[in-house]
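K.L.:
Okay, here's the structure, questions in a sec.
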Amino acid sequence: MTHIHSVIISFNRLELLQRCYASYKATVSVPHTLVIVDNASRNDTRKWLTAEVSPEDGVIFLEQNRFPGYACNRGWEAMPSETTHLHRSDNDFVFLPGWCEEVLNCFTRGVGQVGLRTKKEEMNAQSNVGGNNAILRELWDQGLRYDERPWGDQYPPGWTEDSLLSPAVVKMGYRWRRVKHPCIMPISSEDPNDPYYQETWRVRGIKPPA
């Protein structure tokens with residue numbers, strides 16, 4: 001039986017996290033477990049996670065911002081034994097009805113990783129599926145892990161842990177693909193004047209949009 005173990009990675013932006021979590025709960029339609037891994041957010045986010053997350057879901061609080069690769073590995077480690085698929089979500093997207101079925105249908109023969117955004121939505125990511133994705137649990141059992149280095153000087157400009165995971169899937173003898181129909185929708189503005197994005201772009205060595 002299919003069982004999805006999902007990880008939502010949280011770092012500040014409480015209002016976005018609330019919307020992401022609510023949409024997940026409203027749309028997940030298969031047997032599943034969920035863990036939110038918080039990358040040392042401010043007190044308002046931590047208080048909300050402690051008080052409002054359903055008892056059936058898990059929360060892992062990290063002592064410092066260890067970035068998404070490290071956070072996702074810790075969340076995926078918490079999977080139950082019946083897990084068949086591992087799923088990662090960033091906290092600045094909401095889930096659309098039918099996303100579970102669309103993702104699972106994309107795991108055709110030889111596919112080990114599925115990105116939750118379509119080719120059109122991810123035009124700037126040609127060599128990997130991006131952060132919002134699912135993998136077969138068997139890849140984890142064979143040793144697949146996110147690179148846990150922090151963003152910045154340890155990666156080439158513009159690279160993150162996502163840049164390495166999809167090629168690792170291919171190296172293990174599997175293919176990756178994207179969903180054909182939209183499954184998630186971004187809810188952040190990516191305003192060039194937003195301090196959150198200014199810091200993110202600085203750390204990743206990305207030139208802000210004009």
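Letters A, B, ... mark the chains of the structure tokens in the order given; residue numbers begin at 1 per chain; ligand numbers begin at 1, in order shown.
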When you look at A:Ser6 with a cut-off of 8 Å (counting only C-alpha atoms), what residues show up, excluding the ones that are within fewer than 4 positions of it in the same chain? I need them as a list in words.
P.N.:
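Skipping anything fewer than 4 positions along the chain leaves His32, Thr33, Leu34, Val35, Trp76, Leu86, His87, Arg88 and Ser89 of chain A.
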K.L.:
Next, dump the selected residues to file, keeping only C-alpha atoms, as a PDB file, in the first residue's frame.
P.N.:
```
ATOM      1  CA  HIS A  32       0.601   9.599   4.916  1.00  0.00           C
ATOM      2  CA  THR A  33       2.654  11.033   7.729  1.00  0.00           C
ATOM      3  CA  LEU A  34       3.883  14.613   8.033  1.00  0.00           C
ATOM      4  CA  VAL A  35       6.802  16.207   9.839  1.00  0.00           C
ATOM      5  CA  TRP A  76      12.938  11.886   6.166  1.00  0.00           C
ATOM      6  CA  LEU A  86       9.371  10.467   0.578  1.00  0.00           C
ATOM      7  CA  HIS A  87       8.130  13.978  -0.135  1.00  0.00           C
ATOM      8  CA  ARG A  88       9.672  17.392   0.518  1.00  0.00           C
ATOM      9  CA  SER A  89       7.885  20.739   0.461  1.00  0.00           C
TER      10      SER A  89
END
```
K.L.:
Could you list, with a cut-off of 7 Å and counting only C-alpha atoms, the residues of stretch 28-138 of chain A near stretch 146-155 of chain A, each shown with its nearest atom pair and the distance in Å rounded to one decimal, rows sorted by chain and ascending number, as JSON lines?
P.N.:
```
{"residue": "A:Arg66", "atom": "CA", "partner": "A:Pro150", "partner_atom": "CA", "distance": 6.3}
{"residue": "A:Phe67", "atom": "CA", "partner": "A:Pro150", "partner_atom": "CA", "distance": 5.7}
{"residue": "A:Gly69", "atom": "CA", "partner": "A:Glu148", "partner_atom": "CA", "distance": 4.9}
{"residue": "A:Tyr70", "atom": "CA", "partner": "A:Glu148", "partner_atom": "CA", "distance": 4.5}
{"residue": "A:Asn73", "atom": "CA", "partner": "A:Tyr146", "partner_atom": "CA", "distance": 6.4}
```
K.L.:
Now that the selection is made, can you save its residues with N, CA and C atoms as a PDB file, in the first residue's frame?
P.N.:
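Final file, part01.pdb:
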```pdb
ATOM      1  N   ARG A  66      20.131  25.259   9.449  1.00  0.00           N
ATOM      2  CA  ARG A  66      21.059  24.330   8.809  1.00  0.00           C
ATOM      3  C   ARG A  66      20.746  24.172   7.322  1.00  0.00           C
ATOM      4  N   PHE A  67      19.793  24.961   6.813  1.00  0.00           N
ATOM      5  CA  PHE A  67      19.426  24.989   5.394  1.00  0.00           C
ATOM      6  C   PHE A  67      18.634  23.727   5.005  1.00  0.00           C
ATOM      7  N   GLY A  69      18.749  21.098   2.890  1.00  0.00           N
ATOM      8  CA  GLY A  69      19.249  19.739   2.730  1.00  0.00           C
ATOM      9  C   GLY A  69      19.342  19.001   4.049  1.00  0.00           C
ATOM     10  N   TYR A  70      19.966  19.631   5.021  1.00  0.00           N
ATOM     11  CA  TYR A  70      20.092  19.037   6.352  1.00  0.00           C
ATOM     12  C   TYR A  70      18.721  18.816   6.962  1.00  0.00           C
ATOM     13  N   ASN A  73      16.772  15.841   5.338  1.00  0.00           N
ATOM     14  CA  ASN A  73      17.302  14.544   5.759  1.00  0.00           C
ATOM     15  C   ASN A  73      16.812  14.167   7.157  1.00  0.00           C
TER      16      ASN A  73
END
```
K.L.:
Enumerate the residues of stretch 6-207 of chain A with a DSSP assignment of helix (DSSP H, G or I), computed from the backbone, and present them as a ChimeraX atom specification.
P.N.:
/A:14-27,43-52,67-77,99-105,137-141,162-171,195-204
K.L.:
Generate a file of the selected residues that holds C-alpha atoms, formatted as a tab-separated table (two decimals), in the first residue's frame.
P.N.:
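Produced file part24.tsv, reproduced below:
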```
chain	number	residue	atom	x	y	z
A	14	LEU	CA	4.73	32.29	9.59
A	15	GLU	CA	1.79	33.38	7.45
A	16	LEU	CA	3.11	31.38	4.50
A	17	LEU	CA	3.74	28.33	6.66
A	18	GLN	CA	0.19	28.48	8.00
A	19	ARG	CA	-1.25	28.52	4.50
A	20	CYS	CA	1.07	25.74	3.33
A	21	TYR	CA	0.18	23.50	6.26
A	22	ALA	CA	-3.56	24.14	5.96
A	23	SER	CA	-3.55	23.35	2.23
A	24	TYR	CA	-1.59	20.13	2.79
A	25	LYS	CA	-4.07	18.94	5.40
A	26	ALA	CA	-6.99	19.82	3.14
A	27	THR	CA	-5.68	18.04	0.04
A	43	ASN	CA	9.67	32.83	18.40
A	44	ASP	CA	6.32	33.52	16.69
A	45	THR	CA	6.79	30.61	14.31
A	46	ARG	CA	8.05	28.25	16.99
A	47	LYS	CA	5.14	29.13	19.28
A	48	TRP	CA	2.63	28.49	16.52
A	49	LEU	CA	4.22	25.16	15.63
A	50	THR	CA	4.08	24.09	19.27
A	51	ALA	CA	0.49	25.16	19.82
A	52	GLU	CA	-1.29	24.60	16.51
A	67	PHE	CA	19.43	24.99	5.39
A	68	PRO	CA	16.99	22.71	3.51
A	69	GLY	CA	19.25	19.74	2.73
A	70	TYR	CA	20.09	19.04	6.35
A	71	ALA	CA	16.52	19.74	7.46
A	72	CYS	CA	14.97	17.41	4.90
A	73	ASN	CA	17.30	14.54	5.76
A	74	ARG	CA	16.32	14.86	9.44
A	75	GLY	CA	12.65	14.84	8.51
A	76	TRP	CA	12.94	11.89	6.17
A	77	GLU	CA	14.80	9.95	8.86
A	99	TRP	CA	-1.61	16.60	-6.17
A	100	CYS	CA	-1.14	13.18	-4.57
A	101	GLU	CA	-2.63	11.30	-7.49
A	102	GLU	CA	-0.69	13.38	-10.05
A	103	VAL	CA	2.62	12.78	-8.31
A	104	LEU	CA	2.09	9.06	-7.78
A	105	ASN	CA	0.97	8.56	-11.38
A	137	ARG	CA	11.73	5.25	-0.50
A	138	GLU	CA	13.95	2.55	-2.04
A	139	LEU	CA	16.43	5.26	-3.13
A	140	TRP	CA	16.77	6.36	0.49
A	141	ASP	CA	17.33	2.74	1.50
A	162	ASP	CA	18.72	20.50	-5.26
A	163	SER	CA	21.45	20.85	-7.88
A	164	LEU	CA	23.03	17.63	-6.64
A	165	LEU	CA	20.09	15.40	-5.72
A	166	SER	CA	18.60	14.85	-9.19
A	167	PRO	CA	22.00	13.96	-10.72
A	168	ALA	CA	22.50	11.54	-7.82
A	169	VAL	CA	19.17	9.90	-8.68
A	170	VAL	CA	20.35	9.42	-12.26
A	171	LYS	CA	23.69	8.02	-11.09
A	195	PRO	CA	14.93	41.46	3.21
A	196	TYR	CA	14.24	37.69	3.24
A	197	TYR	CA	14.92	37.35	-0.47
A	198	GLN	CA	17.76	39.84	-0.45
A	199	GLU	CA	19.56	37.66	2.09
A	200	THR	CA	18.68	34.43	0.24
A	201	TRP	CA	20.02	35.76	-3.06
A	202	ARG	CA	23.15	37.10	-1.36
A	203	VAL	CA	23.94	33.76	0.28
A	204	ARG	CA	23.36	31.84	-2.97
```
K.L.:
Name the residues of stretch 3-177 of chain A that fall into strand (DSSP E or B) according to DSSP on the backbone, using the chain letters and numbers of this document, as a PyMOL selection string.
P.N.:
chain A and resi 4-10+32-38+58-61+85-90+93-95+111-115+133-136+175-177
